[in-house]
$ cat structure_39.tsv   # TSV, C-alpha atoms
chain	number	residue	atom	x	y	z
D	1	MET	CA	-17.17	-8.95	22.63
D	2	PRO	CA	-14.92	-6.55	24.56
D	3	ASP	CA	-12.83	-7.74	27.50
D	4	MET	CA	-13.17	-6.34	30.97
D	5	CYS	CA	-10.10	-4.36	31.98
D	6	GLY	CA	-10.25	-3.90	35.73
D	7	ARG	CA	-13.44	-1.99	36.54
D	8	PHE	CA	-13.60	-0.38	33.11
D	9	ARG	CA	-14.73	-1.88	29.86
D	10	CYS	CA	-12.22	-1.51	27.06
D	11	ASP	CA	-12.54	-2.18	23.34
D	12	MET	CA	-9.30	-3.41	21.83
D	13	ALA	CA	-8.57	-3.25	18.13
D	14	ALA	CA	-7.10	-6.31	16.49
D	15	GLY	CA	-3.47	-6.75	17.50
D	16	GLU	CA	-3.56	-4.33	20.43
D	17	LYS	CA	-2.31	-5.41	23.83
D	18	PRO	CA	-4.43	-4.98	26.95
D	19	LEU	CA	-3.34	-1.94	28.96
D	20	SER	CA	-1.89	-4.20	31.64
D	21	GLU	CA	0.68	-5.40	29.08
D	22	VAL	CA	1.61	-2.02	27.58
D	23	ASN	CA	4.97	-0.55	28.60
D	24	PHE	CA	4.67	3.15	29.37
D	25	LEU	CA	7.60	5.56	29.29
D	26	THR	CA	8.03	8.86	31.10
D	27	VAL	CA	8.69	12.03	29.15
D	28	ALA	CA	12.36	11.88	30.21
D	29	GLU	CA	12.64	8.28	28.97
D	30	VAL	CA	11.03	9.19	25.64
D	31	ALA	CA	13.43	12.13	25.28
D	32	ALA	CA	16.38	9.81	25.90
D	33	VAL	CA	15.15	7.25	23.35
D	34	MET	CA	14.52	9.94	20.73
D	35	ARG	CA	17.62	11.95	21.70
D	36	VAL	CA	15.63	15.18	21.97
D	37	SER	CA	14.78	17.50	24.84
D	38	LYS	CA	11.87	16.90	27.21
D	39	MET	CA	10.28	20.09	25.85
D	40	THR	CA	10.24	18.56	22.35
D	41	VAL	CA	8.42	15.50	23.74
D	42	TYR	CA	5.89	17.75	25.50
D	43	ARG	CA	5.29	19.60	22.21
D	44	LEU	CA	4.71	16.29	20.39
D	45	VAL	CA	2.26	15.16	23.07
D	46	HIS	CA	0.34	18.45	23.20
D	47	SER	CA	0.13	18.66	19.39
D	48	GLY	CA	-1.28	15.12	19.22
D	49	HIS	CA	1.61	13.72	17.18
D	50	LEU	CA	2.60	11.42	20.05
D	51	PRO	CA	-0.22	9.74	22.01
D	52	ALA	CA	0.03	9.83	25.79
D	53	ILE	CA	-2.03	9.38	28.89
D	54	ARG	CA	-2.06	11.74	31.81
D	55	VAL	CA	-1.26	10.37	35.26
D	56	GLY	CA	-1.80	13.14	37.76
D	57	ARG	CA	0.34	15.99	36.45
D	58	SER	CA	2.62	13.70	34.45
D	59	PHE	CA	2.37	12.09	31.03
D	60	ARG	CA	3.10	8.49	30.12
D	61	VAL	CA	3.70	7.47	26.52
D	62	PRO	CA	3.20	3.91	25.25
D	63	GLU	CA	6.58	2.55	24.19
D	64	ASN	CA	5.19	1.19	20.92
D	65	ALA	CA	3.86	4.68	20.07
D	66	VAL	CA	7.39	6.09	20.31
D	67	HIS	CA	8.74	3.40	17.99
D	68	GLU	CA	5.84	3.89	15.57
D	69	TYR	CA	6.37	7.67	15.53
D	70	LEU	CA	10.06	7.20	14.77
D	71	ARG	CA	9.27	4.61	12.07
D	72	GLN	CA	6.80	6.97	10.38
D	73	SER	CA	9.21	9.90	10.64
D	74	TYR	CA	12.10	8.02	9.07
D	75	VAL	CA	13.51	9.80	6.04
D	76	GLY	CA	15.36	7.49	3.67
D	77	VAL	CA	18.31	8.87	1.77
D	78	GLU	CA	18.41	8.13	-1.93
D	79	SER	CA	21.79	7.41	-3.48
D	80	ALA	CA	22.90	9.51	-6.45
$ encode --input "structure_39.tsv" --output "structure tokens"
Amino acid sequence: MPDMCGRFRCDMAAGEKPLSEVNFLTVAEVAAVMRVSKMTVYRLVHSGHLPAIRVGRSFRVPENAVHEYLRQSYVGVESA
């Protein structure tokens, strides 16, 4: 049975935190963590590669989504 999150009902998948416990980062903070420009972060958000929520005219990105994106994008180097 889903929990009640404030006034809105939310269905959480197994292992997901309630929104009240999620740490959100600004686009500038994401850019700093990833060491890319803010425009690159905006492109990732608009293309759907990086999930985000819109707060007014700004975006907020869940911190775990940034770490997951980086983990999935990791390119291992094979030794010769």
$ residues_near_point --input "structure_39.tsv" --point "(3.7, 13.2, 26.8)" --cutoff "9 Å" --atoms "all atoms listed in the file" --output "VMD selection string"
chain D and resid 25 to 27 30 38 41 to 46 50 to 54 58 to 61
$ atom_distance --input "structure_39.tsv" --atom1 "atom CA of Val55 of chain D" --atom2 "atom CA of Tyr69 of chain D"
21.3 Å
$ atom_distance --input "structure_39.tsv" --atom1 "atom CA of Tyr74 of chain D" --atom2 "atom CA of Leu19 of chain D"
27.1 Å
$ atom_distance --input "structure_39.tsv" --atom1 "atom CA of Ala31 of chain D" --atom2 "atom CA of Val66 of chain D"
9.9 Å
$ axis_aligned_box --input "structure_39.tsv" --around "segment 18-32 of chain D" --padding-each-side "3 Å" --output "AutoDock Vina command-line options"
--center_x 6.0 --center_y 3.4 --center_z 28.5 --size_x 26.8 --size_y 23.5 --size_z 12.4
$ residues_near_point --input "structure_39.tsv" --point "(6.6, -1.4, 20.6)" --cutoff "12 Å" --atoms "all atoms listed in the file" --output "list in words"
Gly15, Glu16, Lys17, Glu21, Val22, Asn23, Phe24, Leu25, Val61, Pro62, Glu63, Asn64, Ala65, Val66, His67, Glu68, Tyr69, Leu70 and Arg71 of chain D
$ build_atoms --input "structure_39.tsv" --residues "segment 60-77 of chain D" --atoms "N, CA, C and O atoms" --output "PDB file, in the frame of the given file"
ATOM      1  N   ARG D  60       2.463   9.773  30.409  1.00  0.00           N
ATOM      2  CA  ARG D  60       3.100   8.490  30.120  1.00  0.00           C
ATOM      3  C   ARG D  60       2.788   8.160  28.666  1.00  0.00           C
ATOM      4  O   ARG D  60       1.651   8.292  28.206  1.00  0.00           O
ATOM      5  N   VAL D  61       3.814   7.745  27.953  1.00  0.00           N
ATOM      6  CA  VAL D  61       3.700   7.470  26.520  1.00  0.00           C
ATOM      7  C   VAL D  61       3.901   5.977  26.294  1.00  0.00           C
ATOM      8  O   VAL D  61       4.887   5.413  26.772  1.00  0.00           O
ATOM      9  N   PRO D  62       2.994   5.329  25.553  1.00  0.00           N
ATOM     10  CA  PRO D  62       3.200   3.910  25.250  1.00  0.00           C
ATOM     11  C   PRO D  62       4.486   3.726  24.435  1.00  0.00           C
ATOM     12  O   PRO D  62       4.730   4.467  23.477  1.00  0.00           O
ATOM     13  N   GLU D  63       5.293   2.768  24.846  1.00  0.00           N
ATOM     14  CA  GLU D  63       6.580   2.550  24.190  1.00  0.00           C
ATOM     15  C   GLU D  63       6.405   2.279  22.693  1.00  0.00           C
ATOM     16  O   GLU D  63       7.165   2.787  21.875  1.00  0.00           O
ATOM     17  N   ASN D  64       5.388   1.497  22.341  1.00  0.00           N
ATOM     18  CA  ASN D  64       5.190   1.190  20.920  1.00  0.00           C
ATOM     19  C   ASN D  64       4.820   2.445  20.122  1.00  0.00           C
ATOM     20  O   ASN D  64       5.114   2.524  18.931  1.00  0.00           O
ATOM     21  N   ALA D  65       4.199   3.431  20.750  1.00  0.00           N
ATOM     22  CA  ALA D  65       3.860   4.680  20.070  1.00  0.00           C
ATOM     23  C   ALA D  65       5.115   5.464  19.715  1.00  0.00           C
ATOM     24  O   ALA D  65       5.182   6.103  18.658  1.00  0.00           O
ATOM     25  N   VAL D  66       6.114   5.414  20.589  1.00  0.00           N
ATOM     26  CA  VAL D  66       7.390   6.090  20.310  1.00  0.00           C
ATOM     27  C   VAL D  66       8.052   5.441  19.107  1.00  0.00           C
ATOM     28  O   VAL D  66       8.494   6.126  18.174  1.00  0.00           O
ATOM     29  N   HIS D  67       8.105   4.112  19.107  1.00  0.00           N
ATOM     30  CA  HIS D  67       8.740   3.400  17.990  1.00  0.00           C
ATOM     31  C   HIS D  67       7.982   3.614  16.690  1.00  0.00           C
ATOM     32  O   HIS D  67       8.599   3.786  15.634  1.00  0.00           O
ATOM     33  N   GLU D  68       6.656   3.651  16.766  1.00  0.00           N
ATOM     34  CA  GLU D  68       5.840   3.890  15.570  1.00  0.00           C
ATOM     35  C   GLU D  68       6.060   5.313  15.050  1.00  0.00           C
ATOM     36  O   GLU D  68       6.167   5.531  13.845  1.00  0.00           O
ATOM     37  N   TYR D  69       6.130   6.287  15.937  1.00  0.00           N
ATOM     38  CA  TYR D  69       6.370   7.670  15.530  1.00  0.00           C
ATOM     39  C   TYR D  69       7.719   7.781  14.819  1.00  0.00           C
ATOM     40  O   TYR D  69       7.824   8.404  13.759  1.00  0.00           O
ATOM     41  N   LEU D  70       8.739   7.155  15.386  1.00  0.00           N
ATOM     42  CA  LEU D  70      10.060   7.200  14.770  1.00  0.00           C
ATOM     43  C   LEU D  70      10.060   6.480  13.416  1.00  0.00           C
ATOM     44  O   LEU D  70      10.671   6.953  12.454  1.00  0.00           O
ATOM     45  N   ARG D  71       9.359   5.359  13.328  1.00  0.00           N
ATOM     46  CA  ARG D  71       9.270   4.610  12.070  1.00  0.00           C
ATOM     47  C   ARG D  71       8.606   5.454  10.995  1.00  0.00           C
ATOM     48  O   ARG D  71       9.064   5.506   9.851  1.00  0.00           O
ATOM     49  N   GLN D  72       7.508   6.141  11.352  1.00  0.00           N
ATOM     50  CA  GLN D  72       6.800   6.970  10.380  1.00  0.00           C
ATOM     51  C   GLN D  72       7.580   8.217   9.991  1.00  0.00           C
ATOM     52  O   GLN D  72       7.416   8.747   8.897  1.00  0.00           O
ATOM     53  N   SER D  73       8.443   8.679  10.893  1.00  0.00           N
ATOM     54  CA  SER D  73       9.210   9.900  10.640  1.00  0.00           C
ATOM     55  C   SER D  73      10.510   9.635   9.910  1.00  0.00           C
ATOM     56  O   SER D  73      11.212  10.577   9.544  1.00  0.00           O
ATOM     57  N   TYR D  74      10.834   8.373   9.704  1.00  0.00           N
ATOM     58  CA  TYR D  74      12.100   8.020   9.070  1.00  0.00           C
ATOM     59  C   TYR D  74      12.173   8.592   7.670  1.00  0.00           C
ATOM     60  O   TYR D  74      11.245   8.483   6.874  1.00  0.00           O
ATOM     61  N   VAL D  75      13.296   9.225   7.356  1.00  0.00           N
ATOM     62  CA  VAL D  75      13.510   9.800   6.040  1.00  0.00           C
ATOM     63  C   VAL D  75      14.656   9.017   5.401  1.00  0.00           C
ATOM     64  O   VAL D  75      15.795   9.068   5.851  1.00  0.00           O
ATOM     65  N   GLY D  76      14.335   8.253   4.389  1.00  0.00           N
ATOM     66  CA  GLY D  76      15.360   7.490   3.670  1.00  0.00           C
ATOM     67  C   GLY D  76      16.175   8.404   2.776  1.00  0.00           C
ATOM     68  O   GLY D  76      15.676   9.399   2.246  1.00  0.00           O
ATOM     69  N   VAL D  77      17.424   8.077   2.609  1.00  0.00           N
ATOM     70  CA  VAL D  77      18.310   8.870   1.770  1.00  0.00           C
ATOM     71  C   VAL D  77      18.526   8.107   0.472  1.00  0.00           C
ATOM     72  O   VAL D  77      18.939   6.955   0.479  1.00  0.00           O
TER      73      VAL D  77
END
